[in-house]
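> File name run07.txt; file contents compact mmCIF, C-alpha atoms; full text below.
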```txt
# COMPACT_ATOMS: atom_id res chain seq x y z
CA MET A 1 148.59 41.71 171.42
CA ILE A 2 150.61 38.65 170.54
CA PRO A 3 150.06 36.39 167.54
CA ALA A 4 148.94 32.78 168.01
CA ALA A 5 151.86 30.35 167.93
CA PHE A 6 153.16 29.28 164.51
CA ASP A 7 156.11 27.45 162.99
CA TYR A 8 158.55 29.70 161.19
CA VAL A 9 160.55 28.93 158.07
CA ALA A 10 162.89 31.32 156.29
CA PRO A 11 163.95 29.73 152.99
CA THR A 12 166.97 31.22 151.24
CA SER A 13 165.99 30.36 147.67
CA LEU A 14 162.84 30.49 145.57
CA ASP A 15 162.91 26.72 144.96
CA GLU A 16 163.12 26.05 148.67
CA ALA A 17 160.22 28.46 149.31
CA LEU A 18 158.04 26.73 146.69
CA SER A 19 158.70 23.28 148.14
CA VAL A 20 157.95 24.50 151.69
CA LEU A 21 154.68 25.97 150.42
CA ALA A 22 153.78 22.80 148.51
CA GLU A 23 154.34 20.71 151.61
CA ALA A 24 152.45 23.02 153.99
CA GLY A 25 149.41 23.52 151.75
CA ASP A 26 146.58 25.64 153.18
CA ASP A 27 148.21 25.89 156.61
CA ALA A 28 150.96 28.25 155.47
CA LYS A 29 150.97 32.02 155.16
CA VAL A 30 153.63 33.90 153.20
CA LEU A 31 155.42 36.74 155.02
CA ALA A 32 156.82 39.51 152.81
CA GLY A 33 157.52 42.79 154.63
CA GLY A 34 154.91 41.96 157.25
CA GLN A 35 153.45 45.44 157.57
CA SER A 36 149.94 44.18 156.84
CA LEU A 37 150.36 40.56 157.93
CA LEU A 38 151.78 41.21 161.41
CA PRO A 39 148.84 43.42 162.51
CA ILE A 40 146.52 40.68 161.19
CA LEU A 41 148.36 38.02 163.18
CA ARG A 42 148.49 40.20 166.30
CA MET A 43 144.76 40.84 166.17
CA ARG A 44 144.35 37.09 165.51
CA LEU A 45 142.27 37.71 162.41
CA ASN A 46 144.35 34.87 161.00
CA ALA A 47 146.29 32.12 162.76
CA PRO A 48 148.36 30.12 160.25
CA GLU A 49 150.22 27.02 161.40
CA LYS A 50 153.27 27.98 159.39
CA VAL A 51 154.73 31.35 158.37
CA VAL A 52 157.05 31.29 155.37
CA ASP A 53 159.32 34.36 155.47
CA LEU A 54 160.62 35.43 152.03
CA GLY A 55 162.94 38.00 153.63
CA ARG A 56 166.08 35.85 153.21
CA ILE A 57 165.69 35.36 149.44
CA GLU A 58 168.03 37.98 147.97
CA ALA A 59 166.96 37.23 144.37
CA LEU A 60 163.50 38.68 145.03
CA ARG A 61 164.90 42.09 145.94
CA GLY A 62 165.95 44.99 143.74
CA VAL A 63 165.08 46.89 140.59
CA ARG A 64 166.61 46.13 137.19
CA ASP A 65 166.39 47.49 133.66
CA GLY A 66 164.46 44.98 131.52
CA GLY A 67 164.94 46.88 128.24
CA ASP A 68 161.40 47.97 127.40
CA HIS A 69 160.33 47.68 131.05
CA VAL A 70 161.48 48.22 134.62
CA ALA A 71 161.52 44.96 136.61
CA ILE A 72 160.86 45.27 140.33
CA GLY A 73 161.59 42.30 142.58
CA ALA A 74 158.49 41.48 144.62
CA MET A 75 160.38 41.78 147.92
CA THR A 76 161.79 45.25 147.21
CA PRO A 77 160.83 47.56 150.09
CA TYR A 78 158.84 50.70 149.29
CA ALA A 79 161.76 52.90 150.38
CA ASP A 80 164.07 51.27 147.82
CA VAL A 81 161.48 51.60 145.04
CA LEU A 82 161.05 55.25 145.94
CA GLY A 83 164.77 55.94 145.82
CA ASP A 84 165.37 54.04 142.58
CA ALA A 85 166.46 56.14 139.58
CA LEU A 86 164.94 53.71 137.02
CA VAL A 87 161.54 53.81 138.72
CA ARG A 88 161.59 57.59 138.98
CA GLU A 89 162.53 58.04 135.32
CA HIS A 90 160.40 55.36 133.66
CA ALA A 91 157.58 54.61 136.10
CA GLY A 92 157.12 57.96 137.85
CA LEU A 93 153.50 57.21 138.69
CA LEU A 94 154.50 54.30 140.91
CA ALA A 95 156.99 56.51 142.79
CA ARG A 96 154.30 59.19 143.29
CA ALA A 97 151.98 56.59 144.84
CA VAL A 98 154.63 54.83 146.93
CA GLU A 99 155.67 58.07 148.63
CA THR A 100 152.15 58.32 150.07
CA VAL A 101 152.07 54.79 151.53
CA ALA A 102 151.68 54.83 155.33
CA ASP A 103 154.80 56.38 156.96
CA PRO A 104 158.61 56.18 156.67
CA GLN A 105 158.95 53.27 159.13
CA ILE A 106 156.37 51.20 157.24
CA ARG A 107 158.01 52.10 153.89
CA HIS A 108 161.33 50.75 155.19
CA ARG A 109 159.80 47.30 155.78
CA GLY A 110 156.74 46.97 153.54
CA THR A 111 157.21 45.58 150.03
CA VAL A 112 155.51 46.35 146.74
CA GLY A 113 154.94 42.66 146.00
CA GLY A 114 153.53 41.95 149.44
CA ALA A 115 151.05 44.81 149.09
CA LEU A 116 149.95 43.67 145.63
CA VAL A 117 149.26 40.10 146.75
CA HIS A 118 147.56 41.31 149.94
CA ALA A 119 145.28 43.28 147.56
CA ASP A 120 143.67 45.64 150.04
CA PRO A 121 141.41 47.84 147.86
CA ALA A 122 142.50 50.89 149.91
CA GLY A 123 146.19 50.10 149.32
CA ASP A 124 148.11 52.55 147.15
CA VAL A 125 150.18 50.42 144.75
CA GLY A 126 147.40 48.54 142.95
CA ALA A 127 146.00 51.53 141.02
CA PRO A 128 149.35 52.74 139.59
CA VAL A 129 150.46 49.22 138.69
CA LEU A 130 147.12 48.69 136.91
CA ALA A 131 147.26 52.07 135.17
CA LEU A 132 150.83 51.47 133.98
CA ASP A 133 149.79 48.16 132.32
CA ALA A 134 152.29 46.15 134.36
CA THR A 135 152.87 42.43 133.94
CA MET A 136 153.12 40.24 137.02
CA VAL A 137 155.49 37.29 137.11
CA VAL A 138 154.05 34.40 139.14
CA VAL A 139 156.05 31.27 139.92
CA GLY A 140 154.61 27.98 141.16
CA PRO A 141 155.24 24.24 141.11
CA GLY A 142 154.34 24.21 137.39
CA GLY A 143 156.92 26.89 136.52
CA GLU A 144 156.64 30.57 135.68
CA ARG A 145 153.68 32.39 134.14
CA THR A 146 152.92 36.04 133.48
CA VAL A 147 149.66 37.75 134.34
CA PRO A 148 148.65 41.18 132.98
CA ALA A 149 147.80 43.60 135.81
CA GLY A 150 144.26 43.86 134.37
CA GLU A 151 143.70 40.18 135.21
CA PHE A 152 145.66 40.11 138.47
CA PHE A 153 143.16 41.63 140.91
CA ARG A 154 140.21 39.23 141.31
CA ASP A 155 138.26 40.54 144.31
CA LEU A 156 138.65 41.86 147.85
CA PHE A 157 142.03 40.56 149.10
CA GLU A 158 142.11 38.09 146.19
CA THR A 159 144.53 37.92 143.27
CA ALA A 160 145.53 35.57 140.46
CA VAL A 161 148.32 34.17 142.67
CA GLY A 162 147.09 30.64 143.49
CA ASP A 163 147.87 28.21 146.29
CA GLY A 164 151.54 27.28 146.33
CA GLU A 165 152.45 30.16 144.00
CA LEU A 166 154.49 33.32 144.62
CA LEU A 167 154.60 36.70 142.93
CA THR A 168 158.27 37.22 142.08
CA GLU A 169 158.48 40.31 139.87
CA ILE A 170 156.47 43.28 138.63
CA ARG A 171 157.36 44.42 135.10
CA ILE A 172 156.35 47.96 134.29
CA PRO A 173 156.52 49.11 130.65
CA LYS A 174 158.66 52.23 130.45
CA HIS A 175 156.60 55.42 130.45
CA THR A 176 159.59 57.69 129.89
CA GLY A 177 158.67 61.37 129.69
CA TRP A 178 155.11 60.87 130.95
CA GLY A 179 153.90 63.24 133.67
CA SER A 180 152.29 61.65 136.70
CA ALA A 181 150.49 62.36 139.95
CA TYR A 182 148.82 60.44 142.77
CA GLU A 183 146.05 62.33 144.51
CA LYS A 184 145.26 60.68 147.81
CA PHE A 185 142.45 61.81 150.08
CA VAL A 186 142.88 60.97 153.77
CA ARG A 187 141.91 62.51 157.09
CA VAL A 188 145.11 61.42 158.87
CA SER A 189 148.32 61.61 156.86
CA HIS A 190 149.61 58.06 157.34
CA GLN A 191 146.25 56.33 156.95
CA TRP A 192 144.62 54.32 154.17
CA SER A 193 143.17 56.13 151.18
CA ILE A 194 139.52 57.08 151.47
CA VAL A 195 139.80 57.51 147.71
CA ALA A 196 142.91 58.05 145.60
CA VAL A 197 143.56 58.57 141.89
CA ALA A 198 146.69 57.60 139.96
CA ALA A 199 147.06 59.50 136.69
CA THR A 200 149.83 59.55 134.11
CA VAL A 201 149.74 61.45 130.82
CA ARG A 202 151.81 61.96 127.69
CA VAL A 203 151.51 65.57 126.61
CA GLU A 204 152.09 66.74 123.04
CA GLY A 205 151.87 70.41 122.07
CA GLY A 206 150.03 71.38 125.26
CA SER A 207 147.30 68.77 125.04
CA ILE A 208 146.98 65.17 126.17
CA ALA A 209 148.03 62.54 123.62
CA GLU A 210 147.58 59.54 125.94
CA ALA A 211 146.20 59.19 129.47
CA LYS A 212 146.07 56.34 131.97
CA VAL A 213 144.03 56.60 135.16
CA GLY A 214 143.77 54.12 138.03
CA LEU A 215 141.43 54.38 141.02
CA THR A 216 142.06 53.31 144.64
CA ASN A 217 139.21 52.24 146.95
CA MET A 218 136.42 52.71 144.43
CA GLY A 219 135.47 49.02 144.43
CA SER A 220 136.66 45.66 145.68
CA THR A 221 139.77 45.90 143.46
CA PRO A 222 141.81 48.76 141.96
CA LEU A 223 139.99 50.02 138.84
CA ARG A 224 140.86 51.67 135.53
CA ALA A 225 138.86 54.79 134.59
CA THR A 226 138.75 53.92 130.90
CA ALA A 227 135.99 56.41 130.02
CA VAL A 228 138.11 59.22 131.46
CA GLU A 229 141.22 58.01 129.66
CA GLN A 230 139.40 58.17 126.30
CA ALA A 231 137.73 61.50 127.03
CA LEU A 232 141.05 63.10 128.03
CA VAL A 233 142.73 62.55 124.65
CA GLY A 234 143.06 65.94 122.98
CA SER A 235 142.23 67.88 126.17
CA SER A 236 144.20 70.92 127.27
CA ALA A 237 144.78 71.86 130.91
CA SER A 238 141.87 74.33 130.89
CA ALA A 239 139.28 71.75 129.78
CA LEU A 240 139.75 68.77 132.07
CA ALA A 241 136.63 68.93 134.23
CA ASP A 242 134.26 67.55 131.58
CA ALA A 243 136.53 64.61 130.79
CA CYS A 244 137.00 63.80 134.48
CA ALA A 245 133.27 63.86 135.24
CA ALA A 246 133.05 60.23 134.12
CA ALA A 247 135.57 59.02 136.75
CA ALA A 248 132.92 57.22 138.82
CA ASP A 249 131.48 55.30 135.83
CA GLY A 250 131.46 51.57 136.44
CA THR A 251 132.76 51.86 140.02
CA ASN A 252 131.20 50.31 143.12
CA PRO A 253 132.72 52.21 146.06
CA PRO A 254 132.25 51.17 149.68
CA SER A 255 130.28 53.10 152.32
CA ASP A 256 131.95 53.42 155.72
CA LEU A 257 132.61 55.92 158.52
CA ASN A 258 134.82 57.99 156.21
CA GLY A 259 132.05 58.57 153.69
CA ASP A 260 129.25 56.85 151.85
CA ALA A 261 129.41 55.59 148.30
CA ASP A 262 127.87 58.74 146.80
CA TYR A 263 130.45 60.90 148.58
CA ARG A 264 133.21 58.76 147.07
CA ARG A 265 131.62 58.96 143.60
CA HIS A 266 131.78 62.74 143.80
CA LEU A 267 135.23 62.81 145.41
CA VAL A 268 136.75 60.67 142.68
CA THR A 269 135.78 63.17 139.95
CA VAL A 270 137.48 66.00 141.88
CA LEU A 271 140.62 63.96 142.63
CA THR A 272 140.83 62.78 139.01
CA ARG A 273 140.78 66.36 137.74
CA ARG A 274 143.47 67.38 140.25
CA ALA A 275 145.62 64.36 139.45
CA VAL A 276 145.44 64.89 135.69
CA GLN A 277 146.15 68.60 136.10
CA LYS A 278 149.25 67.87 138.20
CA ALA A 279 150.35 65.11 135.83
CA MET A 280 150.22 67.58 132.92
CA GLU A 281 152.51 69.91 134.85
CA GLY A 282 155.06 67.12 135.13
CA MET B 1 161.78 27.88 169.78
CA THR B 2 164.16 29.41 167.28
CA ARG B 3 167.72 30.51 168.02
CA ILE B 4 168.52 34.07 166.95
CA SER B 5 171.63 36.24 167.11
CA VAL B 6 171.00 39.96 167.14
CA THR B 7 173.29 42.90 167.81
CA VAL B 8 171.50 45.42 170.04
CA ASP B 9 173.16 48.78 170.77
CA GLY B 10 176.53 47.31 169.81
CA VAL B 11 176.32 44.14 171.94
CA SER B 12 175.62 40.69 170.44
CA TYR B 13 172.92 38.55 171.97
CA THR B 14 172.01 34.95 171.17
CA ASP B 15 168.67 33.75 172.48
CA GLU B 16 165.99 31.15 171.96
CA VAL B 17 162.68 32.83 171.11
CA GLU B 18 159.23 31.74 170.05
CA PRO B 19 158.76 32.71 166.39
CA ARG B 20 155.68 34.76 167.33
CA THR B 21 157.72 37.03 169.64
CA LEU B 22 157.57 40.63 168.44
CA LEU B 23 160.88 42.48 168.22
CA VAL B 24 159.69 45.05 170.78
CA HIS B 25 158.90 42.32 173.31
CA TYR B 26 162.26 40.67 172.69
CA LEU B 27 164.05 43.99 173.22
CA ARG B 28 162.17 44.84 176.41
CA GLU B 29 161.70 41.47 178.08
CA VAL B 30 164.74 39.47 176.98
CA VAL B 31 167.43 42.07 176.32
CA GLY B 32 166.09 44.53 178.92
CA LYS B 33 165.94 47.59 176.66
CA VAL B 34 162.89 49.07 178.35
CA GLY B 35 163.65 52.52 176.89
CA THR B 36 161.76 51.28 173.83
CA VAL B 37 158.07 51.36 174.71
CA VAL B 38 154.89 49.74 173.44
CA GLY B 39 152.37 52.44 172.60
CA CYS B 40 149.36 51.51 170.50
CA ASP B 41 150.30 47.93 169.66
CA THR B 42 148.67 48.43 166.25
CA SER B 43 151.67 49.86 164.31
CA ASN B 44 150.08 53.31 164.19
CA CYS B 45 151.78 55.37 166.88
CA GLY B 46 155.51 54.84 166.32
CA ALA B 47 156.43 54.89 170.04
CA CYS B 48 158.29 51.57 169.59
CA THR B 49 160.47 52.88 166.70
CA VAL B 50 164.03 51.50 166.62
CA HIS B 51 166.63 51.27 163.87
CA LEU B 52 167.08 47.93 162.11
CA ASP B 53 170.31 47.96 160.09
CA GLY B 54 170.25 51.75 160.31
CA ARG B 55 166.66 52.26 159.11
CA SER B 56 163.71 53.18 161.33
CA VAL B 57 161.10 50.46 161.86
CA LYS B 58 158.16 49.98 164.20
CA SER B 59 159.41 47.18 166.45
CA CYS B 60 155.87 46.00 167.23
CA ASN B 61 155.55 45.23 163.53
CA VAL B 62 158.68 43.09 163.14
CA LEU B 63 159.18 39.56 164.49
CA ALA B 64 162.29 38.97 166.58
CA VAL B 65 163.18 36.09 164.22
CA GLN B 66 163.23 38.53 161.30
CA ALA B 67 165.99 40.45 163.09
CA ASP B 68 168.22 37.35 163.26
CA GLY B 69 171.66 38.29 161.97
CA HIS B 70 170.83 41.98 161.93
CA GLU B 71 171.70 45.05 163.97
CA VAL B 72 169.25 46.97 166.15
CA THR B 73 169.76 50.41 167.70
CA THR B 74 167.37 51.53 170.42
CA ILE B 75 166.99 54.87 172.18
CA GLU B 76 169.37 53.48 174.82
CA GLY B 77 172.13 53.16 172.24
CA LEU B 78 172.12 56.75 171.01
CA ALA B 79 174.14 58.50 173.72
CA THR B 80 177.92 58.02 173.61
CA ASN B 81 180.16 58.21 176.69
CA GLY B 82 177.40 59.78 178.74
CA GLU B 83 176.87 62.54 176.17
CA LEU B 84 173.36 62.90 174.83
CA HIS B 85 172.94 62.40 171.09
CA PRO B 86 172.39 65.84 169.43
CA MET B 87 168.75 64.89 168.78
CA GLN B 88 168.21 63.97 172.43
CA ALA B 89 169.81 67.28 173.46
CA ALA B 90 167.62 69.18 171.00
CA PHE B 91 164.45 67.56 172.42
CA HIS B 92 165.62 68.54 175.92
CA ASP B 93 166.49 72.12 174.93
CA ASN B 94 163.23 72.71 173.07
CA HIS B 95 160.83 71.20 175.61
CA ALA B 96 159.82 68.70 172.95
CA LEU B 97 158.07 66.40 175.39
CA GLN B 98 155.19 66.61 177.79
CA CYS B 99 154.34 63.16 179.19
CA GLY B 100 157.35 61.75 177.31
CA TYR B 101 155.82 58.46 176.27
CA CYS B 102 156.17 59.03 172.53
CA THR B 103 159.67 60.52 172.92
CA PRO B 104 161.86 57.42 172.35
CA GLY B 105 160.08 56.73 169.07
CA MET B 106 160.02 60.39 168.08
CA ILE B 107 163.78 60.71 168.60
CA MET B 108 164.59 57.48 166.73
CA GLN B 109 162.44 58.57 163.78
CA ALA B 110 163.89 62.09 163.86
CA VAL B 111 167.45 60.68 163.69
CA ASP B 112 166.41 58.58 160.68
CA LEU B 113 164.77 61.59 159.06
CA LEU B 114 168.00 63.62 159.22
CA ARG B 115 169.97 60.63 157.89
CA GLU B 116 167.83 60.67 154.75
CA ASN B 117 167.38 64.44 154.56
CA PRO B 118 169.96 66.40 156.62
CA HIS B 119 168.38 69.80 155.96
CA PRO B 120 164.60 69.35 155.95
CA THR B 121 162.05 72.14 155.64
CA GLU B 122 159.38 72.40 158.32
CA ASP B 123 156.93 70.65 156.01
CA GLU B 124 159.42 67.84 155.35
CA ILE B 125 159.89 67.41 159.11
CA ARG B 126 156.13 67.10 159.61
CA GLN B 127 155.85 64.62 156.72
CA GLY B 128 158.87 62.66 157.93
CA MET B 129 157.34 62.31 161.41
CA GLU B 130 153.88 61.33 160.12
CA GLY B 131 154.17 57.83 161.57
CA ASN B 132 154.70 59.06 165.14
CA LEU B 133 151.80 60.23 167.28
CA CYS B 134 152.00 62.48 170.34
CA ARG B 135 148.74 62.29 172.29
CA CYS B 136 149.72 65.33 174.34
CA THR B 137 149.69 66.96 170.87
CA GLY B 138 153.05 68.58 171.54
CA TYR B 139 154.01 68.55 167.87
CA HIS B 140 155.06 72.19 167.64
CA ASN B 141 158.10 71.83 169.91
CA ILE B 142 158.95 68.42 168.45
CA VAL B 143 159.21 70.02 165.00
CA LYS B 144 161.31 72.84 166.52
CA ALA B 145 163.64 70.30 168.14
CA VAL B 146 164.19 68.39 164.88
CA ALA B 147 164.89 71.67 163.06
CA ALA B 148 167.31 72.70 165.83
CA ALA B 149 169.16 69.39 165.62
CA ALA B 150 169.42 69.78 161.82
CA GLY B 151 170.77 73.31 162.32
CA ALA B 152 173.29 72.10 164.91
CA SER B 153 174.69 69.50 162.54
CA GLU B 154 174.83 72.14 159.81
CA ARG B 155 176.98 74.35 162.06
CA SER B 156 179.26 71.46 162.94
CA ASP B 157 179.61 70.68 159.19
CA ALA B 158 180.84 74.22 158.55
```
Show me the file's structure as structure tokens.


Amino acid sequence: MIPAAFDYVAPTSLDEALSVLAEAGDDAKVLAGGQSLLPILRMRLNAPEKVVDLGRIEALRGVRDGGDHVAIGAMTPYADVLGDALVREHAGLLARAVETVADPQIRHRGTVGGALVHADPAGDVGAPVLALDATMVVVGPGGERTVPAGEFFRDLFETAVGDGELLTEIRIPKHTGWGSAYEKFVRVSHQWSIVAVAATVRVEGGSIAEAKVGLTNMGSTPLRATAVEQALVGSSASALADACAAAADGTNPPSDLNGDADYRRHLVTVLTRRAVQKAMEG
Amino acid sequence: MTRISVTVDGVSYTDEVEPRTLLVHYLREVVGKVGTVVGCDTSNCGACTVHLDGRSVKSCNVLAVQADGHEVTTIEGLATNGELHPMQAAFHDNHALQCGYCTPGMIMQAVDLLRENPHPTEDEIRQGMEGNLCRCTGYHNIVKAVAAAAGASERSDA
């Protein structure tokens, strides 16, 4: 399988990328790590006239300490996020989720920013980014704006990043000392999540003081299990099941060959309990 | 057409390619590195795994133009002076192949795995090889070969 022909541009600065995008309009597609886009091009599900490769823009790569948050460049590959000491210490939930993404080869090329803008509901980085209350930095012809993660995911494969705009950075408030876990249910280890749950908790005196829970593939976008988060406050490890029973509230999961919607509604309560339990252990 | 310069197995090549050319097709059809094979063509099976700047990638999921200015190592670049790479020797010694089609990718990923984790447990080997499929289902001996290669490097460290 070979993609349809396209023109290729590899800008070396953000300004250059924005002007290329402005000029190309609807005919351009942005290439980040390419681990979702290249299969799409090969299967000819999309045939853009121009591909704009962000891979030569060094400024979009890397993780830095932003004071109260960890700032992740949108073009940072999964493998670098996973190995980053700041991420592991202050945004452990993201690391837990990233280590389950696809396989090592894909994690060497795929980027966190690319995955977020691609916005596949079965992708693994949306739920932790949402649960960690991240802020997305979006740059366009009109300058820079910030979008809270809660307003970033609009629908299936659709985000707040508009035409001619680029996601440049993901800012994750530091969750230092929080325990976290990502419970992913799959039939084949490197495949997409059938359902997954991202949970991070702050434990005080053996019970939960604060909890944040994000859900993967329980609707057309990543979702927050707010009812569970509220019910978990004050819970100890032995009394999680009741609080996690509400995990499917307000969700609209898909039905497919891996399981119907009711199966997913049940599965998510089990995975939420397991994720919270593991998060409490560290 | 776009002009690219890529170092493949230590030799520099400069070629004109169509931007839509996949790295695996460039390696096989232009450079002649047919040791790297196309398996599933959907980025699932890992048979086309090569190293790009020292890290394993699926070469059906990278454009040749993205490799411009970078360094690629294929299965053909692992042996030195006619001596098999220790991972190749371990696959040979442990009967870690049946039809052999997945083997180039398996070996390239296994080399990368030991680069990141020189002394993996069996479970870590299985996790580290999750992106490589063997349709003969010969995983048991593949895992044994990777463990043997890790053990061999441990002995040579000592």

> Contacts from chain A to chain B, 12 Å maximum, all atoms listed in the file: show me the residue list as a PyMOL selection string.

chain A and resi 1-10+31-44+47-56+77+79-80+83+99-110+188-192

> From the options B:Asp68, B:Ala149, B:Cys48, B:Val6, which residue's atoms come nearest to B:Arg115, counting all atoms listed in the file?

B:Ala149

> For the atom pair atom CA of A:His90 and atom CA of A:Glu281, what is the interatomic distance in Å to one decimal place?

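Between atom CA of A:His90 and atom CA of A:Glu281 the gap is 16.6 Å.
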
> Could you check which of B:Ala67, B:Tyr101, B:Gly35, B:Asn81 is closest to B:Arg3, using all atoms listed in the file?

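Distance minimum relative to B:Arg3 lands on B:Ala67.
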
> Please provide as a ChimeraX atom specification all residues within 9 Å of A:Ala241, with the sequence filter that same-chain residues fewer than 3 positions apart are discarded (counting all atoms listed in the file).

/A:238,244-245,269-270,272-273

> Work out how far atom CA of B:Ile142 is from atom CA of B:His95, in Å to one decimal.

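Going from atom CA of B:His95 over to atom CA of B:Ile142 covers 7.9 Å.
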
> Work out how far apart atom CA of A:Leu132 and atom CA of A:Pro254 are and give it in Å to one decimal.

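Going from atom CA of A:Leu132 over to atom CA of A:Pro254, I get 24.3 Å.
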
> Using all atoms listed in the file, find each residue in stretch 64-118 of chain A having at least one atom no more than 8 Å away from stretch 171-176 of chain A; report its shortest atom-to-atom pair and that distance in Å (one decimal), rows by chain then rising number, as CSV.


```
residue,atom,partner,partner_atom,distance
A:Gly66,CA,A:Arg171,CA,8.0
A:Asp68,CA,A:Lys174,CA,5.9
A:His69,CA,A:Pro173,CA,4.1
A:Val70,CA,A:Ile172,CA,5.1
A:Ala71,CA,A:Arg171,CA,4.5
A:Ile72,CA,A:Arg171,CA,6.4
A:Glu89,CA,A:Thr176,CA,6.2
A:His90,CA,A:Thr176,CA,4.5
A:Ala91,CA,A:His175,CA,5.8
A:Gly92,CA,A:His175,CA,7.8
```

> Can you tell me which residues surround stretch 193-204 of chain A at a distance of at most 6 Å, considering all atoms listed in the file, apart from same-chain residues fewer than 6 positions away, and format the answer as a list of chain:residue names?

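My list of contacting residues is A:Ala122, A:Pro128, A:Trp178, A:Gly179, A:Ser180, A:Ala181, A:Tyr182, A:Glu183, A:Lys184, A:Phe185, A:Val186, A:Glu210, A:Ala211, A:Lys212, A:Val213, A:Gly214, A:Leu215, A:Thr216, A:Asn217, A:Thr272, A:Ala275, A:Val276, A:Ala279.
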